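Structure data follow from upload33.json (JSON, C-alpha atoms):
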[["chain", "number", "residue", "atom", "x", "y", "z"],
["A", 199, "MET", "CA", -14.95, 56.77, 28.11],
["A", 200, "PHE", "CA", -16.65, 56.79, 24.74],
["A", 201, "GLU", "CA", -13.35, 57.56, 23.03],
["A", 202, "ILE", "CA", -11.65, 54.54, 24.65],
["A", 203, "HIS", "CA", -14.48, 52.32, 23.45],
["A", 204, "ASN", "CA", -14.01, 53.67, 19.93],
["A", 205, "LEU", "CA", -10.27, 53.05, 20.18],
["A", 206, "ILE", "CA", -10.74, 49.41, 21.19],
["A", 207, "ASN", "CA", -13.19, 48.95, 18.35],
["A", 208, "ASP", "CA", -10.66, 50.48, 15.96],
["A", 209, "ILE", "CA", -7.90, 48.15, 17.14],
["A", 210, "PHE", "CA", -10.16, 45.15, 16.85],
["A", 211, "GLY", "CA", -11.21, 46.33, 13.43],
["A", 212, "LEU", "CA", -7.58, 46.70, 12.42],
["A", 213, "LEU", "CA", -6.81, 43.17, 13.52],
["A", 214, "GLN", "CA", -10.03, 41.98, 11.89],
["A", 215, "ILE", "CA", -10.86, 40.14, 15.08],
["A", 216, "THR", "CA", -14.29, 39.22, 13.74],
["A", 217, "ASP", "CA", -12.57, 36.75, 11.45],
["A", 218, "ILE", "CA", -10.78, 35.05, 14.36],
["A", 219, "TYR", "CA", -12.67, 31.84, 13.65],
["A", 220, "GLN", "CA", -10.54, 31.40, 10.58],
["A", 221, "PHE", "CA", -7.57, 30.85, 12.85],
["A", 222, "LEU", "CA", -9.31, 28.88, 15.58],
["A", 223, "ILE", "CA", -10.99, 26.44, 13.22],
["A", 224, "PRO", "CA", -8.78, 25.54, 10.29],
["A", 225, "GLN", "CA", -10.42, 25.86, 6.91],
["A", 226, "VAL", "CA", -10.61, 22.49, 5.28],
["A", 227, "GLY", "CA", -10.47, 22.84, 1.56],
["A", 228, "VAL", "CA", -7.68, 24.54, -0.31],
["A", 229, "GLY", "CA", -4.53, 22.95, 0.95],
["A", 230, "GLY", "CA", -6.57, 20.54, 3.05],
["A", 231, "GLY", "CA", -7.63, 17.18, 1.83],
["A", 232, "VAL", "CA", -10.93, 17.69, 0.11],
["A", 233, "GLU", "CA", -10.14, 18.33, -3.51],
["A", 234, "ALA", "CA", -11.58, 21.13, -5.62],
["A", 235, "LYS", "CA", -13.60, 22.77, -2.85],
["A", 236, "GLU", "CA", -13.37, 26.33, -1.59],
["A", 237, "HIS", "CA", -15.24, 25.78, 1.63],
["A", 238, "VAL", "CA", -16.33, 22.73, 3.57],
["A", 239, "GLU", "CA", -18.74, 22.42, 6.46],
["A", 240, "LEU", "CA", -16.53, 21.15, 9.22],
["A", 241, "LEU", "CA", -18.98, 19.61, 11.67],
["A", 242, "PRO", "CA", -20.73, 17.23, 9.24],
["A", 243, "LEU", "CA", -17.30, 16.30, 7.92],
["A", 244, "ILE", "CA", -16.05, 15.36, 11.38],
["A", 245, "LYS", "CA", -19.26, 13.48, 12.05],
["A", 246, "SER", "CA", -19.12, 11.42, 8.87],
["A", 247, "THR", "CA", -15.39, 10.79, 9.37],
["A", 248, "LEU", "CA", -15.93, 9.45, 12.89],
["A", 249, "ILE", "CA", -18.89, 7.31, 11.84],
["A", 250, "PHE", "CA", -16.98, 5.92, 8.86],
["A", 251, "LEU", "CA", -13.84, 5.13, 10.88],
["A", 252, "ALA", "CA", -15.87, 3.51, 13.65],
["A", 253, "GLY", "CA", -17.78, 1.48, 11.07],
["A", 254, "VAL", "CA", -14.61, 0.30, 9.34],
["A", 255, "GLY", "CA", -13.06, -0.56, 12.69],
["A", 256, "THR", "CA", -16.14, -2.52, 13.76],
["A", 257, "VAL", "CA", -16.41, -4.39, 10.46],
["A", 258, "PHE", "CA", -12.74, -5.34, 10.42],
["A", 259, "GLY", "CA", -12.66, -6.21, 14.11],
["A", 260, "LEU", "CA", -15.75, -8.41, 13.98],
["A", 261, "GLY", "CA", -14.71, -9.94, 10.68],
["A", 262, "LEU", "CA", -11.24, -10.83, 11.89],
["A", 263, "ALA", "CA", -12.55, -12.14, 15.20],
["A", 264, "LEU", "CA", -15.16, -14.34, 13.50],
["A", 265, "THR", "CA", -12.66, -15.66, 10.96],
["A", 266, "ALA", "CA", -10.20, -16.42, 13.74],
["A", 267, "LYS", "CA", -12.93, -18.29, 15.60],
["A", 268, "ARG", "CA", -14.26, -20.14, 12.56],
["A", 269, "PHE", "CA", -10.85, -21.16, 11.22],
["A", 270, "THR", "CA", -8.94, -21.98, 14.40],
["A", 271, "VAL", "CA", -6.11, -24.44, 13.98],
["A", 272, "GLN", "CA", -5.64, -26.83, 16.86],
["A", 273, "ILE", "CA", -2.01, -26.84, 17.83],
["A", 274, "ASP", "CA", -0.74, -29.63, 20.05],
["A", 275, "PRO", "CA", 0.44, -28.00, 23.31],
["A", 276, "ARG", "CA", 3.20, -30.57, 23.55],
["A", 277, "VAL", "CA", 4.85, -29.09, 20.44],
["A", 278, "GLU", "CA", 5.48, -25.81, 22.21],
["A", 279, "LYS", "CA", 6.76, -27.55, 25.33],
["A", 280, "VAL", "CA", 9.26, -29.55, 23.29],
["A", 281, "LEU", "CA", 10.31, -26.40, 21.40],
["A", 282, "ASP", "CA", 10.88, -24.61, 24.70],
["A", 283, "VAL", "CA", 13.26, -27.30, 25.87],
["A", 284, "LEU", "CA", 15.17, -27.43, 22.60],
["A", 285, "ALA", "CA", 17.88, -24.91, 21.77],
["A", 286, "HIS", "CA", 16.67, -21.90, 19.78],
["A", 287, "ALA", "CA", 18.39, -20.96, 16.58],
["A", 288, "HIS", "CA", 18.32, -17.23, 17.17],
["B", 185, "MET", "CA", -13.68, -0.21, -22.56],
["B", 186, "GLU", "CA", -11.00, -0.30, -25.18],
["B", 187, "PHE", "CA", -8.71, -3.25, -25.10],
["B", 188, "THR", "CA", -5.69, -1.31, -26.34],
["B", 189, "LYS", "CA", -5.99, 1.14, -23.44],
["B", 190, "LEU", "CA", -5.86, -1.73, -20.95],
["B", 191, "PHE", "CA", -2.89, -3.29, -22.72],
["B", 192, "GLU", "CA", -1.11, 0.07, -22.64],
["B", 193, "LEU", "CA", -1.88, 0.28, -18.93],
["B", 194, "ILE", "CA", -0.26, -3.11, -18.30],
["B", 195, "ILE", "CA", 2.84, -2.21, -20.33],
["B", 196, "ALA", "CA", 3.08, 1.18, -18.63],
["B", 197, "ALA", "CA", 2.74, -0.24, -15.12],
["B", 198, "SER", "CA", 5.04, -3.20, -15.62],
["B", 199, "LEU", "CA", 7.85, -1.83, -17.78],
["B", 200, "ILE", "CA", 7.83, 1.95, -18.18],
["B", 201, "ASN", "CA", 6.86, 2.92, -14.65],
["B", 202, "ASN", "CA", 8.17, -0.26, -13.06],
["B", 203, "PHE", "CA", 7.67, 0.18, -9.32],
["B", 204, "VAL", "CA", 11.08, -1.14, -8.35],
["B", 205, "PHE", "CA", 13.34, 0.20, -11.08],
["B", 206, "THR", "CA", 11.69, 3.51, -11.94],
["B", 207, "ARG", "CA", 9.82, 4.60, -8.82],
["B", 208, "PHE", "CA", 12.12, 2.81, -6.34],
["B", 209, "LEU", "CA", 9.34, 1.53, -4.10],
["B", 210, "GLY", "CA", 9.15, -1.72, -2.16],
["B", 211, "LEU", "CA", 12.90, -2.17, -1.96],
["B", 212, "CYS", "CA", 12.87, -3.93, 1.43],
["B", 213, "ILE", "CA", 11.01, -6.96, 0.08],
["B", 214, "PHE", "CA", 12.92, -6.72, -3.18],
["B", 215, "PHE", "CA", 16.29, -7.13, -1.49],
["B", 216, "GLY", "CA", 15.05, -9.51, 1.17],
["B", 217, "VAL", "CA", 13.42, -12.03, -1.13],
["B", 218, "SER", "CA", 15.52, -11.92, -4.29],
["B", 219, "ARG", "CA", 18.31, -14.06, -2.89],
["B", 220, "LYS", "CA", 16.86, -17.31, -4.25],
["B", 221, "MET", "CA", 14.76, -17.99, -7.32],
["B", 222, "GLU", "CA", 12.27, -20.17, -5.46],
["B", 223, "THR", "CA", 11.34, -17.51, -2.90],
["B", 224, "ALA", "CA", 11.25, -14.87, -5.63],
["B", 225, "VAL", "CA", 8.69, -16.81, -7.64],
["B", 226, "GLY", "CA", 6.54, -17.56, -4.55],
["B", 227, "MET", "CA", 6.66, -13.94, -3.51],
["B", 228, "SER", "CA", 5.66, -12.62, -6.92],
["B", 229, "ILE", "CA", 2.65, -14.95, -7.16],
["B", 230, "THR", "CA", 1.43, -14.03, -3.66],
["B", 231, "PHE", "CA", 2.15, -10.37, -4.27],
["B", 232, "THR", "CA", 0.21, -10.11, -7.53],
["B", 233, "SER", "CA", -2.86, -11.87, -6.17],
["B", 234, "VAL", "CA", -2.93, -9.83, -2.94],
["B", 235, "MET", "CA", -2.42, -6.62, -4.90],
["B", 236, "MET", "CA", -5.30, -7.29, -7.29],
["B", 237, "ILE", "CA", -7.76, -8.23, -4.55],
["B", 238, "SER", "CA", -6.79, -5.38, -2.24],
["B", 239, "SER", "CA", -6.94, -2.80, -5.02],
["B", 240, "ALA", "CA", -10.41, -4.06, -5.96],
["B", 241, "LEU", "CA", -11.57, -3.82, -2.32],
["B", 242, "SER", "CA", -10.14, -0.36, -1.85],
["B", 243, "TRP", "CA", -11.62, 0.81, -5.16],
["B", 244, "ILE", "CA", -15.08, -0.24, -3.97],
["B", 245, "VAL", "CA", -14.67, 1.42, -0.58],
["B", 246, "PHE", "CA", -13.20, 4.58, -2.11],
["B", 247, "ASN", "CA", -15.77, 5.11, -4.85],
["B", 248, "TYR", "CA", -18.93, 3.96, -3.08],
["B", 249, "ILE", "CA", -18.32, 5.21, 0.48],
["B", 250, "MET", "CA", -15.55, 7.76, 0.65],
["B", 251, "VAL", "CA", -16.33, 9.87, -2.42],
["B", 252, "PRO", "CA", -20.06, 10.32, -1.60],
["B", 253, "LEU", "CA", -19.22, 11.20, 2.02],
["B", 254, "ASP", "CA", -16.49, 13.66, 0.92],
["B", 255, "ILE", "CA", -13.85, 12.07, 3.12],
["B", 256, "THR", "CA", -11.27, 11.25, 0.46],
["B", 257, "PHE", "CA", -8.53, 12.74, 2.65],
["B", 258, "LEU", "CA", -8.69, 9.56, 4.76],
["B", 259, "LYS", "CA", -7.56, 7.37, 1.88],
["B", 260, "ILE", "CA", -4.08, 6.56, 3.20],
["B", 261, "ILE", "CA", -5.34, 5.33, 6.58],
["B", 262, "ILE", "CA", -8.25, 3.42, 5.10],
["B", 263, "PHE", "CA", -6.18, 1.74, 2.39],
["B", 264, "ILE", "CA", -3.59, 0.63, 4.94],
["B", 265, "GLY", "CA", -6.41, -0.76, 7.09],
["B", 266, "ILE", "CA", -8.04, -2.57, 4.18],
["B", 267, "VAL", "CA", -4.78, -4.17, 3.05],
["B", 268, "ALA", "CA", -3.76, -5.20, 6.56],
["B", 269, "GLY", "CA", -7.21, -6.57, 7.41],
["B", 270, "PHE", "CA", -7.47, -8.51, 4.15],
["B", 271, "VAL", "CA", -3.97, -9.95, 4.52],
["B", 272, "GLN", "CA", -4.64, -10.99, 8.11],
["B", 273, "ALA", "CA", -7.95, -12.62, 7.19],
["B", 274, "SER", "CA", -6.46, -14.51, 4.25],
["B", 275, "ASP", "CA", -3.59, -15.62, 6.48],
["B", 276, "THR", "CA", -6.05, -17.07, 9.00],
["B", 277, "VAL", "CA", -8.22, -18.74, 6.38],
["B", 278, "MET", "CA", -5.28, -20.15, 4.42],
["B", 279, "ARG", "CA", -3.73, -21.73, 7.50],
["B", 280, "LYS", "CA", -6.89, -23.76, 8.06],
["B", 281, "VAL", "CA", -8.02, -24.48, 4.51],
["B", 282, "SER", "CA", -4.76, -25.29, 2.78],
["B", 283, "PRO", "CA", -1.80, -25.77, 5.11],
["B", 284, "GLY", "CA", 0.47, -26.74, 2.22],
["B", 285, "LEU", "CA", -0.05, -23.39, 0.49],
["B", 286, "TYR", "CA", 0.29, -21.66, 3.86],
["B", 287, "TYR", "CA", 3.71, -23.12, 4.56],
["B", 288, "LYS", "CA", 4.82, -22.20, 1.04],
["B", 289, "LEU", "CA", 3.46, -18.66, 0.79],
["B", 290, "GLY", "CA", 2.42, -17.74, 4.35],
["B", 291, "ILE", "CA", 5.76, -16.25, 5.31],
["B", 292, "TYR", "CA", 5.42, -13.67, 2.54],
["B", 293, "LEU", "CA", 1.94, -12.57, 3.58],
["B", 294, "ALA", "CA", 3.13, -10.85, 6.75],
["B", 295, "LEU", "CA", 5.81, -9.05, 4.74],
["B", 296, "ILE", "CA", 3.32, -7.91, 2.11],
["B", 297, "SER", "CA", 1.01, -6.05, 4.49],
["B", 298, "THR", "CA", 3.73, -3.48, 5.21],
["B", 299, "ASN", "CA", 4.88, -3.06, 1.63],
["B", 300, "CYS", "CA", 4.66, 0.34, -0.01],
["B", 301, "ILE", "CA", 3.82, -0.86, -3.54],
["B", 302, "ILE", "CA", 0.67, -2.46, -2.18],
["B", 303, "LEU", "CA", -0.32, 0.93, -0.73],
["B", 304, "ALA", "CA", 0.85, 2.91, -3.76],
["B", 305, "VAL", "CA", -1.37, 1.06, -6.23],
["B", 306, "PRO", "CA", -4.74, 1.95, -4.58],
["B", 307, "LEU", "CA", -3.50, 5.52, -4.03],
["B", 308, "ILE", "CA", -2.59, 5.90, -7.70],
["B", 309, "ASN", "CA", -5.92, 4.30, -8.69],
["B", 310, "ALA", "CA", -7.73, 6.87, -6.55],
["B", 311, "GLY", "CA", -5.62, 9.77, -7.78],
["B", 312, "GLU", "CA", -5.96, 8.96, -11.48],
["B", 313, "HIS", "CA", -9.72, 8.23, -11.19],
["B", 314, "TYR", "CA", -9.38, 4.83, -12.81],
["B", 315, "SER", "CA", -12.48, 2.74, -13.40],
["B", 316, "PHE", "CA", -12.87, -0.66, -11.72],
["B", 317, "ILE", "CA", -11.50, -2.65, -14.66],
["B", 318, "GLU", "CA", -8.69, -0.16, -15.19],
["B", 319, "SER", "CA", -7.61, -0.33, -11.56],
["B", 320, "LEU", "CA", -7.63, -4.15, -11.64],
["B", 321, "VAL", "CA", -5.53, -4.10, -14.80],
["B", 322, "PHE", "CA", -3.17, -1.53, -13.28],
["B", 323, "ALA", "CA", -2.73, -3.76, -10.22],
["B", 324, "LEU", "CA", -2.05, -6.76, -12.47],
["B", 325, "GLY", "CA", 0.51, -4.76, -14.44],
["B", 326, "SER", "CA", 2.25, -3.61, -11.27],
["B", 327, "GLY", "CA", 2.33, -7.19, -10.01],
["B", 328, "ILE", "CA", 3.84, -8.37, -13.30],
["B", 329, "GLY", "CA", 6.40, -5.58, -13.10],
["B", 330, "PHE", "CA", 7.36, -6.56, -9.57],
["B", 331, "ALA", "CA", 7.59, -10.20, -10.63],
["B", 332, "ILE", "CA", 9.85, -9.28, -13.55],
["B", 333, "ALA", "CA", 12.07, -7.27, -11.22],
["B", 334, "LEU", "CA", 12.27, -10.06, -8.64],
["B", 335, "ILE", "CA", 13.02, -12.78, -11.19],
["B", 336, "ILE", "CA", 15.69, -10.72, -12.99],
["B", 337, "MET", "CA", 17.31, -9.88, -9.66],
["B", 338, "ALA", "CA", 17.13, -13.43, -8.30],
["B", 339, "SER", "CA", 18.73, -14.90, -11.40],
["B", 340, "ILE", "CA", 21.54, -12.35, -11.27],
["B", 341, "ARG", "CA", 22.13, -12.82, -7.55],
["B", 342, "GLU", "CA", 22.33, -16.59, -7.88],
["B", 343, "LYS", "CA", 25.13, -16.08, -10.40],
["B", 344, "LEU", "CA", 26.74, -13.41, -8.20],
["B", 345, "GLU", "CA", 27.29, -15.99, -5.47],
["B", 346, "LEU", "CA", 29.94, -17.58, -7.68],
["B", 347, "ALA", "CA", 31.44, -14.33, -8.99],
["B", 348, "ASP", "CA", 34.68, -12.86, -7.72],
["B", 349, "VAL", "CA", 33.28, -9.81, -5.94],
["B", 350, "PRO", "CA", 35.62, -7.63, -3.84],
["B", 351, "LYS", "CA", 35.14, -8.43, -0.18],
["B", 352, "PRO", "CA", 33.52, -5.14, 1.01],
["B", 353, "PHE", "CA", 30.91, -5.39, -1.75],
["B", 354, "ARG", "CA", 29.74, -8.93, -1.09],
["B", 355, "GLY", "CA", 26.06, -9.50, -0.30],
["B", 356, "THR", "CA", 23.73, -6.50, -0.25],
["B", 357, "PRO", "CA", 26.09, -3.74, -1.55],
["B", 358, "ILE", "CA", 26.67, -5.47, -4.88],
["B", 359, "ALA", "CA", 22.92, -6.08, -5.08],
["B", 360, "PHE", "CA", 22.32, -2.34, -4.77],
["B", 361, "ILE", "CA", 24.87, -1.63, -7.51],
["B", 362, "VAL", "CA", 23.27, -4.22, -9.79],
["B", 363, "THR", "CA", 19.84, -2.71, -9.10],
["B", 364, "GLY", "CA", 21.15, 0.71, -10.13],
["B", 365, "LEU", "CA", 22.49, -0.74, -13.37],
["B", 366, "ILE", "CA", 19.20, -2.49, -14.17],
["B", 367, "ALA", "CA", 17.33, 0.74, -13.37],
["B", 368, "LEU", "CA", 19.59, 2.50, -15.86],
["B", 369, "ALA", "CA", 18.65, -0.11, -18.43],
["B", 370, "PHE", "CA", 14.95, 0.33, -17.64],
["B", 371, "THR", "CA", 15.16, 4.04, -18.50],
["B", 372, "GLY", "CA", 15.33, 2.79, -22.09],
["B", 373, "PHE", "CA", 11.61, 2.04, -21.85],
["B", 374, "SER", "CA", 10.73, 5.63, -21.02],
["B", 375, "GLY", "CA", 8.70, 7.43, -23.64],
["B", 376, "LEU", "CA", 7.48, 4.17, -25.16],
["B", 377, "ILE", "CA", 3.83, 5.04, -24.57],
["B", 378, "LYS", "CA", 2.27, 8.44, -24.03],
["B", 379, "LEU", "CA", -0.71, 7.95, -21.74]]
Let me see the structure of the file written as structure tokens.
Amino acid sequence: MFEIHNLINDIFGLLQITDIYQFLIPQVGVGGGVEAKEHVELLPLIKSTLIFLAGVGTVFGLGLALTAKRFTVQIDPRVEKVLDVLAHAH
Amino acid sequence: MEFTKLFELIIAASLINNFVFTRFLGLCIFFGVSRKMETAVGMSITFTSVMMISSALSWIVFNYIMVPLDITFLKIIIFIGIVAGFVQASDTVMRKVSPGLYYKLGIYLALISTNCIILAVPLINAGEHYSFIESLVFALGSGIGFAIALIIMASIREKLELADVPKPFRGTPIAFIVTGLIALAFTGFSGLIKL
């Protein structure tokens, strides 16, 4: 029983299973996107990425919505009705 | 900031590394708009102004938010978002504030937001670590280069309408051939300035 346990340990040691996290979580850094860095903490990176993207999305969304509201152009609904009746060029 | 460096940057961006004839970017707008001189001029004015403002905006976002947070790998997505958002906002504002300008230049604005030169300029600014003034000047130079390309092409294509072109080559094919010839001529500028 003890020998089998040793064997399994040897196999795992051969495969270097302790470093499995390298394969499960990709190393950002060399070949990734962050330039000139050997190692990058992944969780803070994901956190700041998500916060930044959400912030940009919120700013652009609110900004565009407010501009659209502030600068609405009143279009006469009759124009569209007349255009619908007329023949289209395309 | 040395003035000669900025001047070299304009010359390099507009003539030596002309985006259309040397890097072959933004060809969809180039062929779509260069049929008439009037549209070519309108497009180049709109293009240069949008490019300068969007490169300034993306420089600020890149250097003050993305570099400190170490998320520079997001630059492509963010720059596309900035350009599209800015173009959409200016479209909305322009329609209300100056309808005359909108009906003259508004049709080009929607085209610009999907152009690759307008994305390439902030990406090159970020990659080369240009300062704020340098990136503005680079954007101006690229806009001038695009305007030169459009005006050259529009004047040639207006003459081509009258030329005796073989039937299979009429329209866009001869425009591609002419573009190749001009690009060959633009290789003469290479090596003018060593940056």
Separation of CA of Leu295 in chain B and CA of Val267 in chain B, in Å? 11.8 Å
Could you work out how far CA of Ala224 in chain B lies from CA of Ile335 in chain B, giving the answer in Å with one decimal? 6.2 Å
Just give me the gap between CA of Ser218 in chain B and CA of Arg341 in chain B in Å, one decimal is fine.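 About the pair CA of Ser218 in chain B and CA of Arg341 in chain B: they are 7.4 Å apart.
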Report as a PyMOL selection string the set of chain B residues whose atoms approach chain A to within 12 Å, with distances computed over all atoms listed in the file. chain B and resi 245-246+249-283+311
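Using all atoms listed in the file, the nearest neighbour of Ala304 in chain B within the list B:Phe203, B:Phe214, B:Tyr286, B:Trp243 is B:Phe203.
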From the options B:Glu318, B:Glu186, B:Glu192, B:Glu342, which residue's atoms come nearest to Pro306 in chain B, counting all atoms listed in the file?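 Of B:Glu318, B:Glu186, B:Glu192, B:Glu342, the one nearest Pro306 in chain B is B:Glu318, counting all atoms listed in the file.
Candidate residues B:Ile366, B:Ala197, B:Ile317, B:Ile296 were compared for distance to Ile244 in chain B, and the nearest is B:Ile317, using all atoms listed in the file.
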List the spatial neighbours of Arg354 in chain B as a VMD selection string - criterion: any atom at most 9 Å away, all atoms listed in the file, same-chain residues fewer than 4 positions off excluded. chain B and resid 344 to 345 349 to 350 358 to 359
For Ile213 in chain B, which residue out of B:Leu324, B:Cys300, B:Leu307, B:Leu346 is the nearest one, using only C-alpha atoms? B:Cys300
Please tell me which residues are no farther than 10 Å from (11.0, -15.1, -6.2) in the file, counting only C-alpha atoms, and write them as a list in words.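 The answer, in the requested form, is Phe214, Val217, Ser218, Arg219, Lys220, Met221, Glu222, Thr223, Ala224, Val225, Gly226, Met227, Ser228, Ile229, Thr230, Phe330, Ala331, Ile332, Ala333, Leu334, Ile335, Ile336, Met337, Ala338 and Ser339 of chain B.
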